[in-house]
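*Asks:* My file is model.cif. It has mmCIF, C-alpha atoms:
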data_work
loop_
_atom_site.label_atom_id
_atom_site.label_comp_id
_atom_site.auth_asym_id
_atom_site.auth_seq_id
_atom_site.Cartn_x
_atom_site.Cartn_y
_atom_site.Cartn_z
CA MET H 10 100.97 78.74 107.81
CA LEU H 11 99.12 80.09 110.80
CA ARG H 12 95.58 78.84 111.45
CA PRO H 13 93.24 80.05 114.22
CA ILE H 14 94.52 79.35 117.75
CA ARG H 15 95.16 75.62 117.35
CA THR H 16 98.30 76.29 115.29
CA LEU H 17 99.18 79.67 116.74
CA ALA H 18 102.27 78.39 118.51
CA ALA H 19 105.92 79.20 117.96
CA ALA H 20 106.45 81.62 115.07
CA ALA H 21 109.57 81.90 112.99
CA ALA H 22 111.07 84.70 112.81
CA ALA H 23 112.96 102.64 102.40
CA LEU H 24 111.66 103.23 99.53
CA ALA H 25 111.41 101.89 96.01
CA LEU H 26 108.68 102.03 93.40
CA VAL H 27 107.86 99.40 90.85
CA SER H 28 104.35 99.82 89.52
CA ALA H 29 102.78 97.33 87.15
CA CYS H 30 99.25 96.47 86.29
CA ASN H 31 98.27 93.06 84.95
CA SER H 32 94.81 91.86 85.75
CA ALA H 33 94.89 88.61 83.80
CA SER H 34 93.91 85.57 85.83
CA THR H 35 96.34 82.76 86.57
CA ASN H 36 93.70 80.07 86.83
CA GLY H 37 91.43 80.64 83.89
CA THR H 38 88.95 82.91 85.64
CA SER H 39 88.79 86.64 85.28
CA PRO H 40 89.56 89.06 88.13
CA GLY H 41 86.69 89.40 90.55
CA THR H 42 85.13 86.11 89.44
CA SER H 43 87.55 83.63 90.99
CA GLY H 44 84.75 81.84 92.83
CA ASP H 45 83.53 85.09 94.42
CA THR H 46 82.51 88.52 93.27
CA ALA H 47 84.83 91.40 94.14
CA GLY H 48 83.28 93.47 96.89
CA ASN H 49 81.44 90.70 98.74
CA SER H 50 82.42 88.81 101.89
CA ARG H 51 85.11 86.64 100.32
CA GLY H 52 87.16 85.00 103.05
CA VAL H 53 84.53 85.58 105.75
CA SER H 54 82.69 82.65 107.33
CA ASP H 55 80.44 82.47 110.37
CA ASP H 56 83.43 81.97 112.64
CA SER H 57 86.55 83.19 110.83
CA ILE H 58 88.13 85.91 108.69
CA LYS H 59 90.83 84.75 106.30
CA VAL H 60 93.85 87.06 106.01
CA GLY H 61 97.20 86.69 104.24
CA GLY H 62 100.38 88.71 103.91
CA ILE H 63 103.05 89.60 101.34
CA VAL H 64 106.54 90.16 102.74
CA SER H 65 110.06 90.28 101.31
CA MET H 66 111.39 87.36 103.32
CA THR H 67 114.38 87.00 101.01
CA SER H 68 116.22 89.21 98.54
CA ALA H 69 119.26 89.10 96.29
CA SER H 70 121.15 91.44 98.63
CA GLY H 71 120.33 89.43 101.74
CA TYR H 72 118.09 92.18 103.12
CA SER H 73 115.00 90.66 104.74
CA LYS H 74 111.73 91.86 106.21
CA LYS H 75 110.77 88.37 107.43
CA ASP H 76 110.01 89.50 110.98
CA THR H 77 107.09 91.52 109.59
CA ASP H 78 105.28 88.17 109.45
CA LEU H 79 106.05 87.47 113.11
CA GLY H 80 104.70 90.88 114.12
CA ALA H 81 101.42 90.25 112.30
CA LYS H 82 101.11 86.77 113.82
CA ALA H 83 101.64 88.24 117.28
CA ARG H 84 98.79 90.72 116.88
CA TYR H 85 96.41 88.18 115.37
CA LEU H 86 97.27 85.69 118.12
CA ARG H 87 96.20 88.17 120.78
CA ALA H 88 93.05 89.12 118.88
CA ASN H 89 92.04 85.45 118.74
CA ALA H 90 92.90 84.91 122.39
CA GLU H 91 90.58 87.80 123.25
CA GLY H 92 87.70 86.22 121.34
CA GLY H 93 88.34 87.44 117.82
CA ILE H 94 86.62 90.22 115.90
CA ASN H 95 82.89 90.36 116.55
CA GLY H 96 82.96 86.65 117.28
CA ARG H 97 85.17 85.61 114.36
CA LYS H 98 88.73 84.32 114.75
CA ILE H 99 91.46 85.50 112.40
CA ASN H 100 92.63 82.72 110.10
CA TYR H 101 96.06 84.12 109.23
CA LEU H 102 97.64 82.14 106.40
CA GLY H 103 101.06 83.67 106.92
CA ALA H 104 102.99 85.78 104.43
CA GLU H 105 103.96 84.99 100.86
CA ASP H 106 107.62 85.77 100.04
CA ASP H 107 107.94 88.09 97.04
CA GLY H 108 111.75 88.13 97.13
CA GLN H 109 111.59 91.88 96.33
CA ASP H 110 110.62 90.77 92.81
CA PRO H 111 107.77 92.72 91.10
CA ALA H 112 106.55 89.63 89.26
CA LYS H 113 106.46 87.62 92.49
CA ASN H 114 104.69 90.43 94.32
CA LEU H 115 101.89 90.42 91.76
CA ALA H 116 101.80 86.61 91.72
CA ALA H 117 101.51 86.56 95.53
CA ALA H 118 98.60 89.01 95.42
CA ARG H 119 96.81 86.87 92.83
CA LYS H 120 97.37 83.69 94.80
CA LEU H 121 96.02 85.15 98.00
CA VAL H 122 92.88 86.46 96.29
CA GLN H 123 92.11 83.92 93.58
CA GLN H 124 93.35 80.72 95.22
CA ASP H 125 93.30 81.35 98.97
CA LYS H 126 90.36 83.77 98.77
CA VAL H 127 91.47 86.04 101.59
CA PHE H 128 89.32 88.89 102.82
CA ALA H 129 92.35 91.12 103.43
CA VAL H 130 96.10 91.33 102.86
CA SER H 131 97.81 92.49 106.04
CA PRO H 132 100.74 92.95 106.17
CA MET H 133 102.14 93.96 102.79
CA SER H 134 105.80 94.84 103.33
CA SER H 135 108.18 95.00 100.39
CA VAL H 136 110.17 97.53 98.39
CA THR H 137 107.98 96.65 95.42
CA PHE H 138 104.19 96.67 95.26
CA SER H 139 103.31 95.69 91.72
CA GLY H 140 100.26 93.83 93.04
CA ALA H 141 98.67 97.07 94.21
CA ASP H 142 96.50 97.69 91.14
CA PHE H 143 95.24 94.10 91.22
CA LEU H 144 94.35 94.27 94.93
CA GLU H 145 92.60 97.61 94.47
CA GLN H 146 90.64 96.29 91.50
CA GLU H 147 89.61 93.21 93.51
CA LYS H 148 88.59 95.46 96.43
CA VAL H 149 90.89 93.70 98.90
CA PRO H 150 91.57 95.73 102.08
CA THR H 151 95.36 95.87 102.23
CA PHE H 152 97.59 97.19 105.01
CA GLY H 153 101.32 97.91 105.23
CA TRP H 154 103.96 100.57 105.70
CA GLY H 155 102.94 103.55 103.58
CA THR H 156 106.39 104.20 102.11
CA LEU H 157 105.22 103.41 98.56
CA PRO H 158 102.98 105.59 96.36
CA ALA H 159 100.39 102.79 96.12
CA PHE H 160 99.48 103.43 99.76
CA CYS H 161 98.46 106.98 98.90
CA GLY H 162 95.15 107.38 97.12
CA PRO H 163 93.59 103.95 96.43
CA GLN H 164 90.39 103.31 98.35
CA HIS H 165 91.25 99.84 99.68
CA ILE H 166 94.96 100.25 100.52
CA TYR H 167 96.03 101.65 103.90
CA GLY H 168 99.35 102.64 105.50
CA PHE H 169 99.47 101.74 109.19
CA ASN H 170 100.83 105.23 109.92
CA GLY H 171 99.26 106.91 106.93
CA CYS H 172 100.59 107.92 103.54
CA LEU H 173 104.31 108.64 103.73
CA VAL H 174 104.73 109.47 100.03
CA PRO H 175 103.09 112.88 99.75
CA THR H 176 101.43 114.19 96.63
CA PRO H 177 100.61 117.79 95.74
CA GLY H 178 97.80 118.84 98.02
CA GLY H 179 99.00 116.45 100.71
CA THR H 180 101.32 117.06 103.65
CA LEU H 181 104.85 116.21 104.82
CA ASN H 182 105.68 114.54 108.13
CA GLN H 183 108.21 116.78 109.88
CA THR H 184 109.49 114.33 112.50
CA TRP H 185 112.93 113.99 110.94
CA PRO H 186 113.88 117.66 110.40
CA GLU H 187 112.24 118.83 113.63
CA GLY H 188 113.92 116.05 115.61
CA ILE H 189 117.38 116.72 114.19
CA GLY H 190 116.82 120.41 114.84
CA GLN H 191 116.20 119.61 118.51
CA ILE H 192 119.41 117.57 118.76
CA LEU H 193 121.46 120.37 117.17
CA GLY H 194 119.91 123.05 119.36
CA GLY H 195 117.86 124.52 116.54
CA ALA H 196 117.89 124.52 112.74
CA ARG H 197 118.72 128.18 112.32
CA GLY H 198 122.19 128.55 110.82
CA ARG H 199 122.57 124.77 110.45
CA SER H 200 123.19 122.92 107.20
CA VAL H 201 122.24 119.42 106.12
CA ALA H 202 123.33 117.10 103.31
CA ILE H 203 120.79 114.58 101.98
CA ILE H 204 121.89 111.58 99.91
CA ALA H 205 119.86 108.80 98.28
CA ASN H 206 120.04 106.05 95.68
CA ASP H 207 119.80 106.87 91.99
CA SER H 208 116.27 105.53 91.54
CA ASP H 209 112.77 106.94 91.16
CA ALA H 210 112.20 106.41 94.87
CA GLY H 211 115.55 108.00 95.76
CA LYS H 212 114.83 111.05 93.64
CA PHE H 213 111.42 111.42 95.19
CA GLY H 214 112.94 111.06 98.65
CA ILE H 215 115.40 113.84 97.89
CA ARG H 216 112.59 116.09 96.71
CA THR H 217 110.52 115.31 99.78
CA PHE H 218 113.16 115.69 102.49
CA GLN H 219 114.79 118.67 100.84
CA GLN H 220 111.50 120.50 101.20
CA GLY H 221 110.98 119.28 104.76
CA PHE H 222 114.41 120.27 106.06
CA ALA H 223 114.26 123.65 104.33
CA SER H 224 110.85 124.32 105.83
CA ALA H 225 112.21 123.50 109.30
CA GLY H 226 114.88 126.20 108.84
CA PHE H 227 117.89 124.19 107.66
CA LYS H 228 120.16 125.19 104.83
CA VAL H 229 120.12 122.20 102.49
CA SER H 230 123.70 122.34 101.20
CA TYR H 231 123.63 119.02 99.34
CA ALA H 232 120.74 116.94 98.01
CA LYS H 233 121.51 114.21 95.48
CA ALA H 234 120.14 110.82 94.47
CA SER H 235 123.50 109.70 93.17
CA VAL H 236 124.34 106.31 94.71
CA PRO H 237 123.76 103.32 92.38
CA ALA H 238 120.57 101.49 93.31
CA THR H 239 121.71 98.08 92.11
CA ALA H 240 125.01 97.65 93.98
CA VAL H 241 126.71 99.05 97.07
CA PRO H 242 129.77 101.15 96.09
CA SER H 243 133.14 99.74 97.11
CA ASP H 244 134.64 103.24 97.17
CA TRP H 245 132.77 106.09 98.86
CA SER H 246 135.52 108.68 98.58
CA ALA H 247 133.92 110.69 95.77
CA TYR H 248 130.63 110.99 97.66
CA VAL H 249 132.39 111.93 100.89
CA LYS H 250 134.52 114.57 99.14
CA GLU H 251 131.41 116.23 97.66
CA ILE H 252 129.50 116.16 100.93
CA LEU H 253 132.35 117.58 103.01
CA ALA H 254 132.72 120.56 100.68
CA ALA H 255 129.02 121.15 100.05
CA ASN H 256 128.50 123.79 102.74
CA ASP H 257 130.42 126.58 101.02
CA GLY H 258 133.60 124.51 101.16
CA LYS H 259 132.88 123.23 104.67
CA ALA H 260 131.22 120.14 106.08
CA PRO H 261 127.47 120.25 106.77
CA ASP H 262 126.19 120.01 110.33
CA ALA H 263 124.24 116.84 109.52
CA VAL H 264 124.32 114.12 106.87
CA VAL H 265 121.02 112.37 106.23
CA SER H 266 120.98 109.11 104.28
CA VAL H 267 117.75 107.97 102.62
CA MET H 268 119.19 104.50 101.95
CA GLN H 269 119.18 100.98 103.36
CA THR H 270 121.66 99.47 105.79
CA PRO H 271 124.44 98.23 103.44
CA ASN H 272 124.78 101.69 101.88
CA ASN H 273 124.57 103.42 105.25
CA ILE H 274 127.38 101.29 106.66
CA GLY H 275 129.63 102.14 103.74
CA LEU H 276 128.84 105.86 103.71
CA PHE H 277 129.00 106.43 107.46
CA THR H 278 132.24 104.46 107.81
CA ALA H 279 133.85 106.55 105.06
CA LEU H 280 132.63 109.80 106.62
CA LYS H 281 134.01 108.86 110.03
CA ARG H 282 137.35 107.88 108.56
CA SER H 283 137.52 111.29 106.87
CA GLY H 284 137.26 112.90 110.30
CA TYR H 285 133.66 114.07 109.98
CA GLN H 286 132.27 115.04 113.40
CA GLY H 287 128.74 116.06 112.47
CA LEU H 288 125.41 114.34 113.03
CA LEU H 289 124.59 111.20 111.02
CA SER H 290 121.04 109.97 110.52
CA ASP H 291 118.97 107.49 108.51
CA PRO H 292 115.47 105.92 108.64
CA THR H 293 116.55 102.27 108.47
CA ASP H 294 119.01 101.05 111.07
CA TYR H 295 116.91 100.42 114.15
CA ASP H 296 117.55 96.72 114.51
CA PRO H 297 119.31 95.02 117.45
CA GLY H 298 120.35 92.29 115.02
CA LEU H 299 122.75 94.78 113.46
CA LEU H 300 124.68 94.90 116.71
CA ALA H 301 125.80 91.28 116.47
CA LYS H 302 128.78 92.21 114.30
CA ASP H 303 131.41 94.53 115.74
CA ALA H 304 132.13 96.14 112.35
CA THR H 305 128.47 96.98 111.80
CA LYS H 306 128.05 98.22 115.37
CA GLN H 307 131.08 100.46 114.97
CA ALA H 308 129.92 101.83 111.61
CA LEU H 309 126.50 102.77 112.98
CA ASP H 310 127.62 103.98 116.41
CA GLY H 311 126.36 107.49 117.05
CA VAL H 312 123.82 107.39 114.21
CA HIS H 313 120.36 108.83 114.93
CA VAL H 314 117.62 106.68 113.38
CA LEU H 315 114.21 108.05 112.42
CA LEU H 316 111.23 106.09 113.76
CA GLN H 317 107.57 106.58 112.98
CA PHE H 318 106.40 104.65 116.01
CA GLN H 319 107.07 104.49 119.73
CA PRO H 320 110.66 103.32 120.38
CA PHE H 321 111.07 99.89 121.94
CA GLU H 322 112.73 101.71 124.84
CA SER H 323 109.45 103.54 125.55
CA THR H 324 107.66 102.98 128.86
CA ASP H 325 104.25 103.29 127.17
CA PRO H 326 101.95 100.42 128.30
CA LYS H 327 101.13 99.66 124.67
CA MET H 328 104.81 98.98 124.02
CA ALA H 329 104.82 96.58 126.96
CA GLN H 330 101.82 94.85 125.36
CA PHE H 331 103.64 94.64 122.02
CA LYS H 332 106.65 93.01 123.66
CA ALA H 333 104.43 90.50 125.48
CA ASP H 334 102.62 89.65 122.25
CA ILE H 335 105.88 89.10 120.35
CA LYS H 336 107.13 86.83 123.12
CA ALA H 337 103.89 84.81 123.06
CA ALA H 338 104.07 84.43 119.28
CA SER H 339 107.69 83.27 119.64
CA GLY H 340 106.72 80.38 121.85
CA GLY H 341 107.56 82.20 125.06
CA GLN H 342 111.10 83.00 123.98
CA GLU H 343 112.72 86.43 124.19
CA VAL H 344 113.69 87.56 120.68
CA PRO H 345 115.48 90.72 119.56
CA LEU H 346 112.93 93.32 118.51
CA ASN H 347 113.11 95.16 115.21
CA MET H 348 111.10 97.63 113.16
CA HIS H 349 109.85 94.91 110.79
CA MET H 350 107.99 93.28 113.69
CA LEU H 351 106.35 96.61 114.45
CA THR H 352 105.40 97.01 110.78
CA GLY H 353 103.55 93.69 110.76
CA TYR H 354 102.02 94.26 114.18
CA MET H 355 100.64 97.72 113.44
CA SER H 356 99.44 96.73 109.95
CA ALA H 357 97.42 93.98 111.61
CA ASP H 358 96.32 96.31 114.40
CA LEU H 359 94.81 98.89 112.02
CA PHE H 360 93.02 96.17 110.04
CA LEU H 361 91.58 94.70 113.25
CA ALA H 362 90.43 98.09 114.54
CA ILE H 363 88.49 98.88 111.36
CA ALA H 364 87.09 95.33 111.10
CA GLN H 365 85.86 95.61 114.68
CA LYS H 366 84.06 98.83 113.85
CA ALA H 367 82.49 97.24 110.75
CA GLY H 368 80.42 94.98 112.98
CA LYS H 369 79.12 91.44 112.68
CA ASP H 370 77.93 91.80 109.08
CA LEU H 371 81.44 91.96 107.63
CA THR H 372 81.72 92.61 103.91
CA VAL H 373 84.14 94.75 101.96
CA GLU H 374 81.39 97.33 101.70
CA SER H 375 80.77 97.42 105.46
CA PHE H 376 84.53 97.48 106.07
CA GLN H 377 84.99 100.44 103.75
CA ALA H 378 82.06 102.23 105.35
CA ALA H 379 83.67 101.71 108.77
CA ALA H 380 86.97 103.09 107.47
CA GLN H 381 85.27 106.31 106.39
CA GLY H 382 85.35 108.32 109.58
CA PHE H 383 87.48 105.85 111.56
CA SER H 384 89.73 107.35 114.23
CA ASP H 385 91.45 106.38 117.46
CA THR H 386 94.13 107.86 119.69
CA GLY H 387 97.24 106.98 121.64
CA THR H 388 98.43 104.06 119.53
CA LEU H 389 102.07 103.10 118.96
CA VAL H 390 101.97 105.30 115.85
CA GLY H 391 100.03 108.14 117.47
CA ASP H 392 96.51 109.24 116.59
CA ARG H 393 95.04 107.46 113.56
CA ALA H 394 92.29 108.62 111.22
CA GLU H 395 90.84 107.46 107.92
CA PRO H 396 90.48 108.38 105.14
CA LYS H 397 93.03 111.04 106.18
CA GLY H 398 95.73 108.35 106.28
CA GLN H 399 95.22 107.57 102.61
CA LYS H 400 96.51 111.02 101.73
CA ASP H 401 98.57 112.20 104.70
CA SER H 402 100.80 110.65 107.34
CA PHE H 403 99.72 110.62 110.97
CA GLY H 404 102.60 113.04 111.63
CA CYS H 405 104.26 111.32 114.57
CA GLY H 406 107.69 109.89 115.26
CA ALA H 407 110.87 109.75 117.32
CA LEU H 408 114.64 109.48 116.95
CA VAL H 409 116.90 106.93 118.63
CA GLN H 410 120.69 106.89 118.71
CA LEU H 411 122.97 103.87 118.71
CA LYS H 412 125.41 104.60 121.49
CA ASN H 413 127.98 102.25 123.02
CA GLY H 414 126.25 99.20 121.55
CA ALA H 415 122.71 100.08 122.62
CA TYR H 416 119.88 102.27 121.36
CA GLU H 417 118.85 105.32 123.37
CA VAL H 418 115.96 107.69 122.73
CA SER H 419 117.43 110.94 121.47
CA VAL H 420 114.10 112.63 120.63
CA PRO H 421 110.98 111.22 122.36
CA PHE H 422 107.94 110.14 120.35
CA LYS H 423 105.85 113.16 119.44
CA CYS H 424 103.33 114.28 116.84
CA TYR H 425 104.40 117.26 114.73
CA GLU H 426 102.32 119.65 112.68
CA PRO H 427 102.74 118.58 109.05
CA ILE H 428 103.49 121.05 106.27
CA PRO H 429 101.89 121.28 102.82
CA PHE H 430 103.75 119.33 100.16
CA LYS H 431 104.53 121.26 97.00
#
Show the structure stored in the file as structure tokens.

*Replies:*
Amino acid sequence: MLRPIRTLAAAAAALALVSACNSASTNGTSPGTSGDTAGNSRGVSDDSIKVGGIVSMTSASGYSKKDTDLGAKARYLRANAEGGINGRKINYLGAEDDGQDPAKNLAAARKLVQQDKVFAVSPMSSVTFSGADFLEQEKVPTFGWGTLPAFCGPQHIYGFNGCLVPTPGGTLNQTWPEGIGQILGGARGRSVAIIANDSDAGKFGIRTFQQGFASAGFKVSYAKASVPATAVPSDWSAYVKEILAANDGKAPDAVVSVMQTPNNIGLFTALKRSGYQGLLSDPTDYDPGLLAKDATKQALDGVHVLLQFQPFESTDPKMAQFKADIKAASGGQEVPLNMHMLTGYMSADLFLAIAQKAGKDLTVESFQAAAQGFSDTGTLVGDRAEPKGQKDSFGCGALVQLKNGAYEVSVPFKCYEPIPFK
């Protein structure tokens, strides 16, 4: 576990919804009375602020977000090196591994609050967030990637780039359809196929992106959440056959996958083998680690990946700072960068920015007051504002393409005007 500065040395290195509410205590005390009262300055001493994380370090499929922890450590390390937050150092306990298990996610949230008595949970990065209701009830400021509904609405839970799961009355981030439109020379007369897993999250993703691409001017010729969520298909031929005939018997101009890497590899490989020449895109596969295997590199070659932050290839000074911070947290070693690192880093960054604004008298109440009306500009995720981010995304993003074994920026980072979600 990471403690303030003295142990900040070498660090080790979408969408699913599981919602559960269970507020029973695990240690004989009731929620909010585990040695402190919910809403006070739990985890805050004269010289430190205690913070923990929840990250899917392991999973049954082998998919891991473990580098989210490294990203958070990197940002907290720099904050401490610069003197801390209003004179207090960040005592980062590291991240609990929930194994993408709803029960473990809730157990991790309880442990951090009732046993470790953290002031905040940052980062929270998993495909399940069953601890959300507990953390909200305990008034624990919580920060992560807003790809789950729990990041949209609760008062104490924040997405580092806003709420990415829109609700009626909210807005849709148009980075993906507008970016693909730019690559294709415009959306007018172009068709797109959207495919997702057969899950609640997949169905919601289809609904969301179908509306976004249609609003941008695309003909949505195929939109199905039909791929099993529990196992990667061994035979993609049926899906490919449907997609290639979806545009009035012809292939669509673009195929968009709202799935994780193992599914994307299978689908894109099958499409390429069928002779498909159109654009391929997903929001997942921006990870240099994927390039280590020739088969994976070949399967993803040419794919445009959606980002909701500045690409690592950016010349923005803040990206240079991010890279320097990751290197420092890795004991001075160069490590391959990935989007999980950025998730942890920017979750920590938003927490630190609001805590700084809250001032020396740090309590949950003063933190929440600081969040109301918080804003800053020019970050790695664009312009930030709260409480706007608890209902809407910050509307910014980019696209990168894997080409000849390396990522290139295909659409530069830009903020787009969001559209109303219906």

*Asks:* Have a look at CA of His165 (chain H) and CA of Lys327 (chain H) and let me know their distance in Å, one decimal.

*Replies:*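 Taking CA of His165 (chain H) and CA of Lys327 (chain H), their separation equals 26.9 Å.
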
*Asks:* Where does the PyMOL selection byres ((chain H and resi 369-377) around 8) land in this file, that is, which residues does it pick, as a PyMOL selection string?

*Replies:* chain H and resi 48-51+53+95-96+128+148-150+165+363-364+366-368+378-381

*Asks:* Of the candidates H:Val314, H:Leu144, H:Leu86, H:Leu173, which shows the shortest atom-to-atom distance to Met268 (chain H), using all atoms listed in the file?

*Replies:* H:Val314

*Asks:* Neighbours of Gly406 (chain H) within 12 Å (all atoms listed in the file; same-chain residues fewer than 5 positions away dropped), as number ranges by chain?

*Replies:* H: 170, 182-189, 292, 314-320, 388-392, 418-427

*Asks:* Applied to this file, what does the PyMOL selection byres ((chain H and resi 198-201) around 12) return in terms of residues, put as a PDB file with C-alpha atoms, keeping the file's coordinate frame?

*Replies:*
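Wrote it out as result-v8.pdb, contents follow:
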ATOM      1  CA  TRP H 185     112.930 113.990 110.940  1.00  0.00           C
ATOM      2  CA  PRO H 186     113.880 117.660 110.400  1.00  0.00           C
ATOM      3  CA  ILE H 189     117.380 116.720 114.190  1.00  0.00           C
ATOM      4  CA  GLY H 190     116.820 120.410 114.840  1.00  0.00           C
ATOM      5  CA  GLN H 191     116.200 119.610 118.510  1.00  0.00           C
ATOM      6  CA  ILE H 192     119.410 117.570 118.760  1.00  0.00           C
ATOM      7  CA  LEU H 193     121.460 120.370 117.170  1.00  0.00           C
ATOM      8  CA  GLY H 194     119.910 123.050 119.360  1.00  0.00           C
ATOM      9  CA  GLY H 195     117.860 124.520 116.540  1.00  0.00           C
ATOM     10  CA  ALA H 196     117.890 124.520 112.740  1.00  0.00           C
ATOM     11  CA  ARG H 197     118.720 128.180 112.320  1.00  0.00           C
ATOM     12  CA  ALA H 202     123.330 117.100 103.310  1.00  0.00           C
ATOM     13  CA  ILE H 203     120.790 114.580 101.980  1.00  0.00           C
ATOM     14  CA  ILE H 204     121.890 111.580  99.910  1.00  0.00           C
ATOM     15  CA  PHE H 218     113.160 115.690 102.490  1.00  0.00           C
ATOM     16  CA  GLN H 219     114.790 118.670 100.840  1.00  0.00           C
ATOM     17  CA  GLN H 220     111.500 120.500 101.200  1.00  0.00           C
ATOM     18  CA  GLY H 221     110.980 119.280 104.760  1.00  0.00           C
ATOM     19  CA  PHE H 222     114.410 120.270 106.060  1.00  0.00           C
ATOM     20  CA  ALA H 223     114.260 123.650 104.330  1.00  0.00           C
ATOM     21  CA  ALA H 225     112.210 123.500 109.300  1.00  0.00           C
ATOM     22  CA  GLY H 226     114.880 126.200 108.840  1.00  0.00           C
ATOM     23  CA  PHE H 227     117.890 124.190 107.660  1.00  0.00           C
ATOM     24  CA  LYS H 228     120.160 125.190 104.830  1.00  0.00           C
ATOM     25  CA  VAL H 229     120.120 122.200 102.490  1.00  0.00           C
ATOM     26  CA  SER H 230     123.700 122.340 101.200  1.00  0.00           C
ATOM     27  CA  TYR H 231     123.630 119.020  99.340  1.00  0.00           C
ATOM     28  CA  ALA H 232     120.740 116.940  98.010  1.00  0.00           C
ATOM     29  CA  LYS H 233     121.510 114.210  95.480  1.00  0.00           C
ATOM     30  CA  ILE H 252     129.500 116.160 100.930  1.00  0.00           C
ATOM     31  CA  LEU H 253     132.350 117.580 103.010  1.00  0.00           C
ATOM     32  CA  ALA H 254     132.720 120.560 100.680  1.00  0.00           C
ATOM     33  CA  ALA H 255     129.020 121.150 100.050  1.00  0.00           C
ATOM     34  CA  ASN H 256     128.500 123.790 102.740  1.00  0.00           C
ATOM     35  CA  ASP H 257     130.420 126.580 101.020  1.00  0.00           C
ATOM     36  CA  LYS H 259     132.880 123.230 104.670  1.00  0.00           C
ATOM     37  CA  ALA H 260     131.220 120.140 106.080  1.00  0.00           C
ATOM     38  CA  PRO H 261     127.470 120.250 106.770  1.00  0.00           C
ATOM     39  CA  ASP H 262     126.190 120.010 110.330  1.00  0.00           C
ATOM     40  CA  ALA H 263     124.240 116.840 109.520  1.00  0.00           C
ATOM     41  CA  VAL H 264     124.320 114.120 106.870  1.00  0.00           C
ATOM     42  CA  VAL H 265     121.020 112.370 106.230  1.00  0.00           C
ATOM     43  CA  SER H 266     120.980 109.110 104.280  1.00  0.00           C
ATOM     44  CA  GLY H 287     128.740 116.060 112.470  1.00  0.00           C
ATOM     45  CA  LEU H 288     125.410 114.340 113.030  1.00  0.00           C
ATOM     46  CA  LEU H 289     124.590 111.200 111.020  1.00  0.00           C
ATOM     47  CA  SER H 290     121.040 109.970 110.520  1.00  0.00           C
TER      48      SER H 290
END

*Asks:* Using CA of Arg84 (chain H) and CA of Gly103 (chain H) as the two end points, give the distance in Å to one decimal.

*Replies:*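 Separating CA of Arg84 (chain H) from CA of Gly103 (chain H) is a distance of 12.4 Å.
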
*Asks:* Mind telling me what the PyMOL selection byres ((chain H and resi 58) around 8) catches here, as number ranges by chain?

*Replies:* H: 52-54, 56-57, 59-60, 97-100, 127-128

*Asks:* Restricting it to C-alpha atoms, dump the selection as an mmCIF file, keeping the file's coordinate frame.

*Replies:*
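Produced file result11.cif, reproduced below:
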data_model
loop_
_atom_site.group_PDB
_atom_site.id
_atom_site.type_symbol
_atom_site.label_atom_id
_atom_site.label_comp_id
_atom_site.auth_asym_id
_atom_site.auth_seq_id
_atom_site.Cartn_x
_atom_site.Cartn_y
_atom_site.Cartn_z
ATOM 1 C CA GLY H 52 87.160 85.000 103.050
ATOM 2 C CA VAL H 53 84.530 85.580 105.750
ATOM 3 C CA SER H 54 82.690 82.650 107.330
ATOM 4 C CA ASP H 56 83.430 81.970 112.640
ATOM 5 C CA SER H 57 86.550 83.190 110.830
ATOM 6 C CA LYS H 59 90.830 84.750 106.300
ATOM 7 C CA VAL H 60 93.850 87.060 106.010
ATOM 8 C CA ARG H 97 85.170 85.610 114.360
ATOM 9 C CA LYS H 98 88.730 84.320 114.750
ATOM 10 C CA ILE H 99 91.460 85.500 112.400
ATOM 11 C CA ASN H 100 92.630 82.720 110.100
ATOM 12 C CA VAL H 127 91.470 86.040 101.590
ATOM 13 C CA PHE H 128 89.320 88.890 102.820
#

*Asks:* Closest to Asp325 (chain H) among H:Leu276, H:Gly387, H:Gln410, H:Asp303, using only C-alpha atoms?

*Replies:*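 Using only C-alpha atoms, the shortest distance to Asp325 (chain H) belongs to H:Gly387.
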
*Asks:* Could I get region 425-431 of chain H rebuilt with N, CA and C atoms, written as an mmCIF file, in the frame of the given file?

*Replies:*
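So the final result, stored in part23.cif, reads:
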data_model
loop_
_atom_site.group_PDB
_atom_site.id
_atom_site.type_symbol
_atom_site.label_atom_id
_atom_site.label_comp_id
_atom_site.auth_asym_id
_atom_site.auth_seq_id
_atom_site.Cartn_x
_atom_site.Cartn_y
_atom_site.Cartn_z
ATOM 1 N N TYR H 425 104.019 115.934 115.213
ATOM 2 C CA TYR H 425 104.400 117.260 114.730
ATOM 3 C C TYR H 425 103.371 117.764 113.716
ATOM 4 N N GLU H 426 103.225 119.056 113.668
ATOM 5 C CA GLU H 426 102.320 119.650 112.680
ATOM 6 C C GLU H 426 102.925 119.453 111.295
ATOM 7 N N PRO H 427 102.201 118.790 110.404
ATOM 8 C CA PRO H 427 102.740 118.580 109.050
ATOM 9 C C PRO H 427 102.721 119.871 108.257
ATOM 10 N N ILE H 428 103.463 119.871 107.157
ATOM 11 C CA ILE H 428 103.490 121.050 106.270
ATOM 12 C C ILE H 428 102.922 120.661 104.913
ATOM 13 N N PRO H 429 102.389 121.602 104.162
ATOM 14 C CA PRO H 429 101.890 121.280 102.820
ATOM 15 C C PRO H 429 103.014 120.826 101.914
ATOM 16 N N PHE H 430 102.745 119.810 101.118
ATOM 17 C CA PHE H 430 103.750 119.330 100.160
ATOM 18 C C PHE H 430 103.526 120.031 98.812
ATOM 19 N N LYS H 431 104.620 120.532 98.264
ATOM 20 C CA LYS H 431 104.530 121.260 97.000
ATOM 21 C C LYS H 431 105.209 120.473 95.890
#
